[in-house]
>>> print(open('upload-v9.cif').read())   # mmCIF, C-alpha atoms
data_query
#
loop_
_atom_site.group_PDB
_atom_site.id
_atom_site.type_symbol
_atom_site.label_atom_id
_atom_site.label_comp_id
_atom_site.auth_asym_id
_atom_site.auth_seq_id
_atom_site.Cartn_x
_atom_site.Cartn_y
_atom_site.Cartn_z
ATOM 1 C CA MET A 1 4.895 -28.559 -9.379
ATOM 2 C CA ALA A 2 7.416 -26.536 -7.369
ATOM 3 C CA ILE A 3 6.906 -22.821 -6.854
ATOM 4 C CA GLY A 4 8.885 -20.675 -9.272
ATOM 5 C CA ILE A 5 9.433 -16.897 -9.399
ATOM 6 C CA ARG A 6 10.332 -15.168 -12.670
ATOM 7 C CA SER A 7 11.847 -11.700 -12.449
ATOM 8 C CA LEU A 8 9.803 -9.039 -14.249
ATOM 9 C CA THR A 9 12.008 -6.120 -13.255
ATOM 10 C CA PRO A 10 15.566 -6.794 -12.043
ATOM 11 C CA ASP A 11 15.204 -7.617 -8.323
ATOM 12 C CA PHE A 12 11.812 -5.852 -8.230
ATOM 13 C CA ALA A 13 8.488 -7.527 -9.056
ATOM 14 C CA GLY A 14 8.404 -11.257 -9.601
ATOM 15 C CA GLU A 15 5.788 -13.453 -11.304
ATOM 16 C CA VAL A 16 4.932 -16.577 -9.296
ATOM 17 C CA SER A 17 4.067 -19.950 -10.851
ATOM 18 C CA GLY A 18 3.329 -23.405 -9.468
ATOM 19 C CA VAL A 19 1.035 -22.373 -6.627
ATOM 20 C CA ASP A 20 -2.728 -22.592 -6.055
ATOM 21 C CA LEU A 21 -3.852 -20.048 -3.463
ATOM 22 C CA THR A 22 -7.267 -21.661 -3.085
ATOM 23 C CA ARG A 23 -5.655 -24.469 -1.065
ATOM 24 C CA PRO A 24 -3.587 -24.444 2.151
ATOM 25 C CA LEU A 25 0.145 -23.967 1.663
ATOM 26 C CA THR A 26 2.911 -25.993 3.235
ATOM 27 C CA ALA A 27 5.472 -24.381 5.547
ATOM 28 C CA THR A 28 8.084 -24.830 2.824
ATOM 29 C CA GLU A 29 5.907 -23.010 0.282
ATOM 30 C CA VAL A 30 5.251 -20.149 2.699
ATOM 31 C CA ALA A 31 8.963 -19.813 3.437
ATOM 32 C CA GLY A 32 9.722 -19.736 -0.291
ATOM 33 C CA LEU A 33 7.180 -16.994 -0.930
ATOM 34 C CA GLU A 34 8.416 -14.927 2.004
ATOM 35 C CA ALA A 35 11.976 -15.245 0.693
ATOM 36 C CA GLY A 36 10.639 -14.072 -2.670
ATOM 37 C CA MET A 37 9.083 -11.043 -0.996
ATOM 38 C CA ASP A 38 12.375 -10.210 0.688
ATOM 39 C CA ARG A 39 14.087 -10.234 -2.703
ATOM 40 C CA TYR A 40 11.484 -8.644 -4.982
ATOM 41 C CA ALA A 41 9.062 -6.760 -2.646
ATOM 42 C CA VAL A 42 6.251 -7.323 -5.214
ATOM 43 C CA LEU A 43 4.942 -10.781 -6.195
ATOM 44 C CA ILE A 44 2.291 -11.359 -8.862
ATOM 45 C CA TYR A 45 0.101 -14.472 -9.004
ATOM 46 C CA HIS A 46 -2.147 -15.052 -12.040
ATOM 47 C CA GLY A 47 -5.377 -17.057 -12.206
ATOM 48 C CA GLN A 48 -6.155 -17.140 -8.482
ATOM 49 C CA ALA A 49 -9.965 -17.307 -8.243
ATOM 50 C CA VAL A 50 -10.028 -17.112 -4.461
ATOM 51 C CA THR A 51 -12.947 -16.452 -2.148
ATOM 52 C CA ASP A 52 -12.667 -13.843 0.590
ATOM 53 C CA GLU A 53 -12.047 -16.581 3.157
ATOM 54 C CA GLN A 54 -9.353 -18.202 1.014
ATOM 55 C CA GLN A 55 -7.642 -14.851 0.585
ATOM 56 C CA LYS A 56 -7.671 -14.277 4.343
ATOM 57 C CA THR A 57 -6.358 -17.798 4.983
ATOM 58 C CA PHE A 58 -3.494 -17.241 2.550
ATOM 59 C CA SER A 59 -2.676 -13.849 4.101
ATOM 60 C CA LEU A 60 -2.550 -15.292 7.617
ATOM 61 C CA ASN A 61 0.500 -17.328 6.598
ATOM 62 C CA PHE A 62 2.497 -14.105 6.898
ATOM 63 C CA GLY A 63 1.115 -12.581 10.097
ATOM 64 C CA ALA A 64 -1.980 -11.190 11.768
ATOM 65 C CA LEU A 65 -4.474 -9.276 9.652
ATOM 66 C CA GLU A 66 -4.987 -5.572 10.077
ATOM 67 C CA VAL A 67 -8.517 -4.346 10.823
ATOM 68 C CA THR A 68 -9.738 -1.980 8.118
ATOM 69 C CA GLY A 69 -11.388 0.521 10.467
ATOM 70 C CA GLY A 70 -9.748 3.926 10.716
ATOM 71 C CA GLY A 71 -8.590 4.058 7.121
ATOM 72 C CA ASN A 72 -11.629 5.453 5.329
ATOM 73 C CA VAL A 73 -14.858 7.451 5.711
ATOM 74 C CA THR A 74 -17.189 4.530 4.983
ATOM 75 C CA GLN A 75 -19.776 4.013 7.712
ATOM 76 C CA ALA A 76 -20.370 0.533 9.149
ATOM 77 C CA SER A 77 -23.804 0.395 7.520
ATOM 78 C CA GLN A 78 -22.200 1.105 4.113
ATOM 79 C CA GLN A 79 -19.578 -1.653 4.239
ATOM 80 C CA ARG A 80 -19.604 -4.260 1.488
ATOM 81 C CA LEU A 81 -16.938 -6.532 2.982
ATOM 82 C CA GLY A 82 -15.909 -7.615 6.491
ATOM 83 C CA ALA A 83 -13.624 -6.031 9.061
ATOM 84 C CA PHE A 84 -10.468 -7.735 7.749
ATOM 85 C CA MET A 85 -11.037 -7.110 4.033
ATOM 86 C CA ALA A 86 -10.385 -3.622 2.681
ATOM 87 C CA ASP A 87 -12.750 -2.673 -0.123
ATOM 88 C CA VAL A 88 -10.518 -0.996 -2.711
ATOM 89 C CA SER A 89 -13.225 -1.118 -5.371
ATOM 90 C CA ASN A 90 -15.411 1.654 -6.730
ATOM 91 C CA LEU A 91 -18.551 -0.114 -5.493
ATOM 92 C CA GLY A 92 -21.172 0.517 -2.853
ATOM 93 C CA ALA A 93 -22.981 -2.035 -0.693
ATOM 94 C CA ASP A 94 -25.320 -2.692 -3.644
ATOM 95 C CA HIS A 95 -22.252 -3.794 -5.711
ATOM 96 C CA LYS A 96 -22.816 -0.937 -8.158
ATOM 97 C CA PRO A 97 -20.351 1.873 -8.967
ATOM 98 C CA LEU A 98 -20.569 4.782 -6.549
ATOM 99 C CA PRO A 99 -22.027 8.035 -7.920
ATOM 100 C CA ARG A 100 -19.492 10.622 -9.008
ATOM 101 C CA ASP A 101 -20.311 12.951 -6.101
ATOM 102 C CA ASP A 102 -20.381 10.223 -3.449
ATOM 103 C CA ARG A 103 -18.246 11.190 -0.453
ATOM 104 C CA ARG A 104 -16.669 7.721 -0.276
ATOM 105 C CA ARG A 105 -15.642 7.848 -3.930
ATOM 106 C CA MET A 106 -14.052 11.278 -3.571
ATOM 107 C CA PHE A 107 -12.113 10.129 -0.500
ATOM 108 C CA ASN A 108 -10.938 6.999 -2.319
ATOM 109 C CA LEU A 109 -9.503 9.097 -5.159
ATOM 110 C CA GLY A 110 -6.562 9.447 -2.785
ATOM 111 C CA ASN A 111 -5.550 5.938 -3.862
ATOM 112 C CA GLN A 112 -4.332 7.538 -7.087
ATOM 113 C CA LEU A 113 -1.621 9.320 -5.075
ATOM 114 C CA TRP A 114 1.662 7.543 -4.362
ATOM 115 C CA HIS A 115 1.447 5.997 -0.891
ATOM 116 C CA SER A 116 2.360 3.147 1.412
ATOM 117 C CA ASP A 117 -0.617 1.351 2.974
ATOM 118 C CA SER A 118 -1.250 2.219 6.605
ATOM 119 C CA SER A 119 1.707 4.557 6.993
ATOM 120 C CA PHE A 120 -0.927 6.707 8.730
ATOM 121 C CA ARG A 121 -1.128 4.121 11.549
ATOM 122 C CA ALA A 122 1.297 4.142 14.486
ATOM 123 C CA VAL A 123 2.210 0.566 13.524
ATOM 124 C CA PRO A 124 2.425 0.593 9.709
ATOM 125 C CA ALA A 125 1.549 -2.437 7.593
ATOM 126 C CA LYS A 126 3.839 -5.272 6.530
ATOM 127 C CA TYR A 127 2.270 -6.798 3.390
ATOM 128 C CA SER A 128 -0.739 -5.884 1.283
ATOM 129 C CA ILE A 129 -2.437 -8.643 -0.736
ATOM 130 C CA LEU A 130 -4.817 -7.414 -3.437
ATOM 131 C CA SER A 131 -7.189 -9.652 -5.371
ATOM 132 C CA GLY A 132 -8.572 -8.468 -8.697
ATOM 133 C CA ARG A 133 -12.045 -9.985 -8.847
ATOM 134 C CA THR A 134 -13.204 -7.765 -11.739
ATOM 135 C CA ALA A 135 -10.723 -5.687 -13.737
ATOM 136 C CA VAL A 136 -11.399 -2.796 -16.117
ATOM 137 C CA ASP A 137 -10.172 -2.878 -19.714
ATOM 138 C CA LYS A 138 -8.563 0.578 -19.669
ATOM 139 C CA GLY A 139 -6.661 2.313 -16.886
ATOM 140 C CA GLY A 140 -6.812 1.056 -13.327
ATOM 141 C CA ARG A 141 -3.200 -0.161 -13.354
ATOM 142 C CA THR A 142 -1.361 -0.476 -10.068
ATOM 143 C CA GLU A 143 2.095 1.062 -10.192
ATOM 144 C CA PHE A 144 4.827 0.176 -7.702
ATOM 145 C CA ALA A 145 7.986 2.135 -6.859
ATOM 146 C CA ASP A 146 11.042 0.387 -5.420
ATOM 147 C CA MET A 147 11.976 2.490 -2.407
ATOM 148 C CA ARG A 148 15.153 0.456 -1.800
ATOM 149 C CA ALA A 149 16.557 1.273 -5.221
ATOM 150 C CA ALA A 150 15.450 4.887 -4.818
ATOM 151 C CA TYR A 151 17.362 5.134 -1.539
ATOM 152 C CA ASP A 152 20.458 3.508 -3.041
ATOM 153 C CA ALA A 153 20.455 6.051 -5.877
ATOM 154 C CA LEU A 154 20.583 9.073 -3.552
ATOM 155 C CA ASP A 155 23.876 10.901 -3.220
ATOM 156 C CA ALA A 156 25.830 10.461 -0.002
ATOM 157 C CA ARG A 157 25.011 13.955 1.258
ATOM 158 C CA THR A 158 21.257 13.413 0.980
ATOM 159 C CA ARG A 159 21.459 9.978 2.589
ATOM 160 C CA SER A 160 23.291 11.553 5.524
ATOM 161 C CA GLU A 161 20.738 14.378 5.776
ATOM 162 C CA ILE A 162 17.695 12.097 5.911
ATOM 163 C CA GLU A 163 19.120 9.315 8.103
ATOM 164 C CA ASP A 164 17.415 10.396 11.327
ATOM 165 C CA LEU A 165 14.481 12.438 10.029
ATOM 166 C CA VAL A 166 10.961 11.705 11.301
ATOM 167 C CA CYS A 167 7.803 12.595 9.361
ATOM 168 C CA GLU A 168 4.166 13.025 10.347
ATOM 169 C CA HIS A 169 1.686 10.912 8.365
ATOM 170 C CA SER A 170 -2.092 11.316 8.220
ATOM 171 C CA LEU A 171 -4.974 10.766 5.821
ATOM 172 C CA ILE A 172 -5.828 14.404 6.552
ATOM 173 C CA TYR A 173 -2.725 15.435 4.597
ATOM 174 C CA SER A 174 -3.189 13.185 1.552
ATOM 175 C CA ARG A 175 -6.890 13.951 1.186
ATOM 176 C CA GLY A 176 -6.307 17.621 1.862
ATOM 177 C CA ALA A 177 -3.953 17.683 -1.130
ATOM 178 C CA LEU A 178 -6.992 16.745 -3.261
ATOM 179 C CA GLY A 179 -9.200 19.387 -1.678
ATOM 180 C CA PHE A 180 -11.076 16.824 0.439
ATOM 181 C CA THR A 181 -11.173 18.749 3.714
ATOM 182 C CA ASP A 182 -14.785 18.262 4.818
ATOM 183 C CA LEU A 183 -14.087 15.868 7.688
ATOM 184 C CA THR A 184 -16.151 15.358 10.800
ATOM 185 C CA ASP A 185 -14.644 15.865 14.254
ATOM 186 C CA GLU A 186 -14.745 12.088 14.712
ATOM 187 C CA GLU A 187 -12.827 11.550 11.459
ATOM 188 C CA ARG A 188 -10.227 14.168 12.361
ATOM 189 C CA ALA A 189 -9.644 12.429 15.691
ATOM 190 C CA MET A 190 -9.429 9.054 13.925
ATOM 191 C CA PHE A 191 -6.897 10.444 11.418
ATOM 192 C CA LYS A 192 -4.648 12.044 14.042
ATOM 193 C CA PRO A 193 -1.093 12.295 12.628
ATOM 194 C CA VAL A 194 1.457 9.641 13.561
ATOM 195 C CA ARG A 195 5.235 9.713 13.332
ATOM 196 C CA GLN A 196 7.345 7.512 11.045
ATOM 197 C CA ARG A 197 11.040 7.368 10.236
ATOM 198 C CA LEU A 198 11.919 8.589 6.759
ATOM 199 C CA VAL A 199 14.563 5.874 6.363
ATOM 200 C CA ARG A 200 13.624 2.273 7.203
ATOM 201 C CA VAL A 201 15.808 -0.804 7.507
ATOM 202 C CA HIS A 202 14.304 -4.106 6.363
ATOM 203 C CA PRO A 203 14.346 -6.566 9.290
ATOM 204 C CA VAL A 204 15.588 -9.489 7.150
ATOM 205 C CA THR A 205 17.694 -8.098 4.301
ATOM 206 C CA ARG A 206 18.913 -5.039 6.281
ATOM 207 C CA ARG A 207 18.493 -2.933 3.145
ATOM 208 C CA LYS A 208 17.563 0.688 3.700
ATOM 209 C CA SER A 209 14.619 2.283 1.932
ATOM 210 C CA LEU A 210 12.737 5.562 1.788
ATOM 211 C CA PHE A 211 9.472 5.494 3.739
ATOM 212 C CA LEU A 212 7.517 7.997 1.689
ATOM 213 C CA ALA A 213 3.780 8.494 1.144
ATOM 214 C CA SER A 214 1.330 11.194 0.136
ATOM 215 C CA HIS A 215 0.174 10.948 3.766
ATOM 216 C CA ILE A 216 3.252 12.929 4.888
ATOM 217 C CA GLY A 217 2.384 16.437 6.023
ATOM 218 C CA THR A 218 5.623 17.625 7.565
ATOM 219 C CA ILE A 219 9.028 16.662 8.947
ATOM 220 C CA VAL A 220 9.385 16.950 12.698
ATOM 221 C CA GLY A 221 11.395 20.076 13.553
ATOM 222 C CA TRP A 222 11.149 21.581 10.062
ATOM 223 C CA PRO A 223 8.990 24.483 8.836
ATOM 224 C CA MET A 224 6.073 22.854 7.010
ATOM 225 C CA PRO A 225 6.589 24.537 3.602
ATOM 226 C CA GLU A 226 10.252 23.494 3.536
ATOM 227 C CA ALA A 227 9.373 19.965 4.655
ATOM 228 C CA ARG A 228 6.714 19.543 1.982
ATOM 229 C CA MET A 229 9.020 20.764 -0.790
ATOM 230 C CA PHE A 230 11.738 18.363 0.355
ATOM 231 C CA ILE A 231 9.312 15.425 0.501
ATOM 232 C CA ARG A 232 8.045 16.368 -2.970
ATOM 233 C CA ASP A 233 11.611 16.318 -4.310
ATOM 234 C CA LEU A 234 12.288 12.913 -2.716
ATOM 235 C CA THR A 235 9.023 11.534 -4.113
ATOM 236 C CA GLU A 236 9.788 12.768 -7.638
ATOM 237 C CA HIS A 237 13.155 11.046 -7.366
ATOM 238 C CA ALA A 238 11.604 7.805 -6.072
ATOM 239 C CA VAL A 239 8.985 7.435 -8.809
ATOM 240 C CA GLN A 240 11.262 7.803 -11.802
ATOM 241 C CA PRO A 241 10.458 5.172 -14.460
ATOM 242 C CA ARG A 242 13.655 3.235 -13.672
ATOM 243 C CA PHE A 243 12.291 2.461 -10.185
ATOM 244 C CA VAL A 244 8.681 1.672 -11.201
ATOM 245 C CA HIS A 245 6.857 -1.518 -12.200
ATOM 246 C CA LYS A 246 3.378 -1.166 -13.749
ATOM 247 C CA HIS A 247 0.903 -4.000 -13.298
ATOM 248 C CA VAL A 248 -1.942 -4.326 -15.814
ATOM 249 C CA TRP A 249 -4.714 -6.319 -14.128
ATOM 250 C CA THR A 250 -6.489 -9.336 -15.532
ATOM 251 C CA GLN A 251 -9.296 -11.092 -13.689
ATOM 252 C CA TYR A 252 -8.188 -13.151 -10.680
ATOM 253 C CA ASP A 253 -4.702 -11.704 -10.502
ATOM 254 C CA MET A 254 -3.382 -11.546 -6.946
ATOM 255 C CA VAL A 255 -0.625 -9.054 -6.180
ATOM 256 C CA MET A 256 1.295 -8.982 -2.914
ATOM 257 C CA TRP A 257 3.686 -6.205 -1.918
ATOM 258 C CA ASP A 258 5.869 -5.176 1.002
ATOM 259 C CA ASN A 259 4.849 -1.755 2.306
ATOM 260 C CA ARG A 260 8.207 -1.439 4.048
ATOM 261 C CA SER A 261 10.005 -1.350 0.691
ATOM 262 C CA THR A 262 7.539 0.097 -1.822
ATOM 263 C CA MET A 263 5.105 2.853 -2.669
ATOM 264 C CA HIS A 264 2.176 2.310 -5.011
ATOM 265 C CA ARG A 265 -0.808 3.977 -6.635
ATOM 266 C CA VAL A 266 -3.730 3.108 -8.907
ATOM 267 C CA THR A 267 -4.107 4.955 -12.207
ATOM 268 C CA ARG A 268 -7.297 6.688 -13.312
ATOM 269 C CA PHE A 269 -10.049 4.618 -14.939
ATOM 270 C CA ASP A 270 -13.686 4.896 -16.048
ATOM 271 C CA GLU A 271 -15.536 4.706 -12.745
ATOM 272 C CA THR A 272 -18.869 3.966 -14.391
ATOM 273 C CA LYS A 273 -17.413 0.472 -14.934
ATOM 274 C CA VAL A 274 -17.124 -2.142 -12.174
ATOM 275 C CA ARG A 275 -13.632 -2.535 -10.700
ATOM 276 C CA ASP A 276 -13.851 -5.013 -7.827
ATOM 277 C CA MET A 277 -10.584 -5.140 -5.857
ATOM 278 C CA ARG A 278 -10.296 -6.671 -2.377
ATOM 279 C CA ARG A 279 -7.283 -6.244 -0.117
ATOM 280 C CA THR A 280 -6.100 -8.040 2.967
ATOM 281 C CA THR A 281 -3.340 -6.342 4.930
ATOM 282 C CA VAL A 282 -0.778 -8.141 7.061
ATOM 283 C CA ALA A 283 -0.156 -6.017 10.137
ATOM 284 C CA GLY A 284 3.288 -4.737 11.017
ATOM 285 C CA ASP A 285 4.973 -5.787 14.228
ATOM 286 C CA GLY A 286 6.159 -2.471 15.632
ATOM 287 C CA MET A 287 6.448 1.289 15.332
ATOM 288 C CA THR A 288 9.212 2.901 13.313
ATOM 289 C CA VAL A 289 9.490 5.565 16.024
ATOM 290 C CA GLU A 290 7.817 6.108 19.392
ATOM 291 C CA GLN A 291 4.633 8.141 19.250
ATOM 292 C CA LEU A 292 3.838 11.211 21.313
ATOM 293 C CA ALA A 293 1.834 10.598 24.469
ATOM 294 C CA ALA A 294 -1.873 11.286 23.964
#
>>> encode(input="upload-v9.cif", output="structure tokens")
Amino acid sequence: MAIGIRSLTPDFAGEVSGVDLTRPLTATEVAGLEAGMDRYAVLIYHGQAVTDEQQKTFSLNFGALEVTGGGNVTQASQQRLGAFMADVSNLGADHKPLPRDDRRRMFNLGNQLWHSDSSFRAVPAKYSILSGRTAVDKGGRTEFADMRAAYDALDARTRSEIEDLVCEHSLIYSRGALGFTDLTDEERAMFKPVRQRLVRVHPVTRRKSLFLASHIGTIVGWPMPEARMFIRDLTEHAVQPRFVHKHVWTQYDMVMWDNRSTMHRVTRFDETKVRDMRRTTVAGDGMTVEQLAA
């Protein structure tokens, strides 16, 4: 059966059929899926009961995998998965839900804020590929915002104003917005702010998009309060319902999205229930702007 992609939202979010991600893909299949990503930016695959190794093998079709270190406060001894598999669950190493006051759980609540994966890295991510091994029956949706459509809908004056702006991104900013400020010196050094362009151009389609995230703390050259209000206004514009697709998870769904063209967040759910989500991240291939010398 040939791969097919059905549009769920006009030119944003497509549902893939005719593919089994537990087996190796042909070059033609990979090219078709990448073309689908260029068009939709979010692809949804149902019924993909992959292992961790199969998920990594599938992800490697699209580029090198990003190492998960530097994106959380989980210690090596507390890790449930390997270095190339981000644990986006609510589980500890014992595979049980984390206690309500667990430091890792409180840090991970930041995933409920609108963000783009790894925008806090000097080289931000290309694709994220999330496997739903165990879903919850209420809440826990993943919502996606089309940052291309959001950019297109801006008035000409705003597009001109933001064209060359550069923002600082850090996990310190997003977690600080939640009141999570108790970071060690090592964590603060690890989360040192990086610079990213506010407007990105897709390398294939050449479409422009807003590169927004809750990780933004300021705009270079702007007073911080003014910068944060402006970023808040842009974010409110970008997450209007007309730009958003909401994915309700069922077991063994696989969802793949382009971090260069989208923002996303998870919605609140009962964290006494198991929600096992495992993400591989395809690394980006360059900075959006040169970083300051150390």
>>> closest_residue(input="upload-v9.cif", among="A:Thr142, A:Gln251, A:Thr181, A:Ser214", to="Thr235 of chain A", atoms="all atoms listed in the file")
A:Ser214
>>> atom_distance(input="upload-v9.cif", atom1="atom CA of Thr205 of chain A", atom2="atom CA of Val166 of chain A")
22.1 Å
>>> atom_distance(input="upload-v9.cif", atom1="atom CA of Leu130 of chain A", atom2="atom CA of Ser89 of chain A")
10.7 Å
>>> resolve_selection(input="upload-v9.cif", expression="the PyMOL selection byres ((chain A and resi 5) around 9)", output="PyMOL selection string")
chain A and resi 3-4+6-7+14-18+33+36+43
>>> residues_around(input="upload-v9.cif", residues="Ser128 of chain A", least_positions_apart="5", cutoff="12 Å", atoms="all atoms listed in the file", output="PyMOL selection string")
chain A and resi 37+41-44+55-56+58-60+62-66+68+84-86+88+116-118+254-264+278-284
>>> write_last_selection(input="upload-v9.cif", atoms="C-alpha atoms", output="compact mmCIF listing (two decimals), in the coordinates of the input")
# COMPACT_ATOMS: atom_id res chain seq x y z
CA MET A 37 9.08 -11.04 -1.00
CA ALA A 41 9.06 -6.76 -2.65
CA VAL A 42 6.25 -7.32 -5.21
CA LEU A 43 4.94 -10.78 -6.20
CA ILE A 44 2.29 -11.36 -8.86
CA GLN A 55 -7.64 -14.85 0.58
CA LYS A 56 -7.67 -14.28 4.34
CA PHE A 58 -3.49 -17.24 2.55
CA SER A 59 -2.68 -13.85 4.10
CA LEU A 60 -2.55 -15.29 7.62
CA PHE A 62 2.50 -14.10 6.90
CA GLY A 63 1.12 -12.58 10.10
CA ALA A 64 -1.98 -11.19 11.77
CA LEU A 65 -4.47 -9.28 9.65
CA GLU A 66 -4.99 -5.57 10.08
CA THR A 68 -9.74 -1.98 8.12
CA PHE A 84 -10.47 -7.74 7.75
CA MET A 85 -11.04 -7.11 4.03
CA ALA A 86 -10.38 -3.62 2.68
CA VAL A 88 -10.52 -1.00 -2.71
CA SER A 116 2.36 3.15 1.41
CA ASP A 117 -0.62 1.35 2.97
CA SER A 118 -1.25 2.22 6.60
CA MET A 254 -3.38 -11.55 -6.95
CA VAL A 255 -0.62 -9.05 -6.18
CA MET A 256 1.30 -8.98 -2.91
CA TRP A 257 3.69 -6.20 -1.92
CA ASP A 258 5.87 -5.18 1.00
CA ASN A 259 4.85 -1.76 2.31
CA ARG A 260 8.21 -1.44 4.05
CA SER A 261 10.01 -1.35 0.69
CA THR A 262 7.54 0.10 -1.82
CA MET A 263 5.11 2.85 -2.67
CA HIS A 264 2.18 2.31 -5.01
CA ARG A 278 -10.30 -6.67 -2.38
CA ARG A 279 -7.28 -6.24 -0.12
CA THR A 280 -6.10 -8.04 2.97
CA THR A 281 -3.34 -6.34 4.93
CA VAL A 282 -0.78 -8.14 7.06
CA ALA A 283 -0.16 -6.02 10.14
CA GLY A 284 3.29 -4.74 11.02
>>> residues_around(input="upload-v9.cif", residues="segment 100-110 of chain A", least_positions_apart="5", cutoff="12 Å", atoms="all atoms listed in the file", output="number ranges by chain")
A: 71-75, 78-79, 86-93, 115-117, 140, 171-183, 213-215, 264-273
>>> atom_distance(input="upload-v9.cif", atom1="atom CA of Arg39 of chain A", atom2="atom CA of Tyr151 of chain A")
15.8 Å
>>> closest_residue(input="upload-v9.cif", among="A:Arg275, A:Arg148, A:Lys192, A:Arg133", to="Ser209 of chain A", atoms="all atoms listed in the file")
A:Arg148
>>> resolve_selection(input="upload-v9.cif", expression="the PyMOL selection byres ((chain A and resi 227) around 12)", output="JSON, numbers by chain")
{"A": [162, 165, 166, 167, 168, 198, 216, 217, 218, 219, 220, 221, 222, 223, 224, 225, 226, 228, 229, 230, 231, 232, 233, 234]}
>>> closest_residue(input="upload-v9.cif", among="A:Asp253, A:Asp164, A:Asp11, A:Glu187", to="Gly70 of chain A", atoms="all atoms listed in the file")
A:Glu187
>>> closest_residue(input="upload-v9.cif", among="A:Val50, A:Val136, A:Ala122, A:Val289", to="Arg200 of chain A", atoms="all atoms listed in the file")
A:Val289
>>> axis_aligned_box(input="upload-v9.cif", around="segment 66-82 of chain A", padding_each_side="4 Å", output="lines of an AutoDock Vina configuration file")
center_x = -14.4
center_y = -0.1
center_z = 6.2
size_x = 26.8
size_y = 23.1
size_z = 17.3
>>> closest_residue(input="upload-v9.cif", among="A:Val30, A:Leu212, A:Ala149, A:Val244", to="Val199 of chain A", atoms="all atoms listed in the file")
A:Leu212
>>> closest_residue(input="upload-v9.cif", among="A:His46, A:His237, A:Arg23, A:Lys208", to="Thr250 of chain A", atoms="only C-alpha atoms")
A:His46
>>> resolve_selection(input="upload-v9.cif", expression="the PyMOL selection byres ((chain A and resi 290) around 10)", output="PDB file with C-alpha atoms, in the frame of the given file")
ATOM      1  CA  ALA A 122       1.297   4.142  14.486  1.00  0.00           C
ATOM      2  CA  VAL A 123       2.210   0.566  13.524  1.00  0.00           C
ATOM      3  CA  VAL A 194       1.457   9.641  13.561  1.00  0.00           C
ATOM      4  CA  ARG A 195       5.235   9.713  13.332  1.00  0.00           C
ATOM      5  CA  GLN A 196       7.345   7.512  11.045  1.00  0.00           C
ATOM      6  CA  ARG A 197      11.040   7.368  10.236  1.00  0.00           C
ATOM      7  CA  GLY A 286       6.159  -2.471  15.632  1.00  0.00           C
ATOM      8  CA  MET A 287       6.448   1.289  15.332  1.00  0.00           C
ATOM      9  CA  THR A 288       9.212   2.901  13.313  1.00  0.00           C
ATOM     10  CA  VAL A 289       9.490   5.565  16.024  1.00  0.00           C
ATOM     11  CA  GLN A 291       4.633   8.141  19.250  1.00  0.00           C
ATOM     12  CA  LEU A 292       3.838  11.211  21.313  1.00  0.00           C
ATOM     13  CA  ALA A 293       1.834  10.598  24.469  1.00  0.00           C
TER      14      ALA A 293
END
>>> decode(input="upload-v9.cif", residues="segment 181-205 of chain A", atoms="C-alpha atoms", output="PDB file, in the first residue's frame")
ATOM      1  CA  THR A 181      13.748  29.287  40.261  1.00  0.00           C
ATOM      2  CA  ASP A 182      15.601  26.908  42.587  1.00  0.00           C
ATOM      3  CA  LEU A 183      18.381  25.953  40.175  1.00  0.00           C
ATOM      4  CA  THR A 184      21.875  24.832  41.033  1.00  0.00           C
ATOM      5  CA  ASP A 185      24.911  26.722  39.739  1.00  0.00           C
ATOM      6  CA  GLU A 186      25.570  23.800  37.391  1.00  0.00           C
ATOM      7  CA  GLU A 187      22.020  23.993  36.007  1.00  0.00           C
ATOM      8  CA  ARG A 188      22.229  27.756  35.531  1.00  0.00           C
ATOM      9  CA  ALA A 189      25.448  27.318  33.556  1.00  0.00           C
ATOM     10  CA  MET A 190      23.848  24.524  31.509  1.00  0.00           C
ATOM     11  CA  PHE A 191      20.804  26.715  30.763  1.00  0.00           C
ATOM     12  CA  LYS A 192      22.819  29.764  29.692  1.00  0.00           C
ATOM     13  CA  PRO A 193      20.687  31.872  27.304  1.00  0.00           C
ATOM     14  CA  VAL A 194      21.201  31.508  23.559  1.00  0.00           C
ATOM     15  CA  ARG A 195      20.189  33.812  20.731  1.00  0.00           C
ATOM     16  CA  GLN A 196      17.627  32.991  18.032  1.00  0.00           C
ATOM     17  CA  ARG A 197      16.076  34.979  15.208  1.00  0.00           C
ATOM     18  CA  LEU A 198      12.436  35.873  15.753  1.00  0.00           C
ATOM     19  CA  VAL A 199      11.636  35.296  12.073  1.00  0.00           C
ATOM     20  CA  ARG A 200      12.833  32.067  10.429  1.00  0.00           C
ATOM     21  CA  VAL A 201      12.831  31.047   6.783  1.00  0.00           C
ATOM     22  CA  HIS A 202      12.193  27.375   6.021  1.00  0.00           C
ATOM     23  CA  PRO A 203      15.167  25.981   4.064  1.00  0.00           C
ATOM     24  CA  VAL A 204      12.966  24.097   1.560  1.00  0.00           C
ATOM     25  CA  THR A 205       9.674  25.973   1.186  1.00  0.00           C
TER      26      THR A 205
END
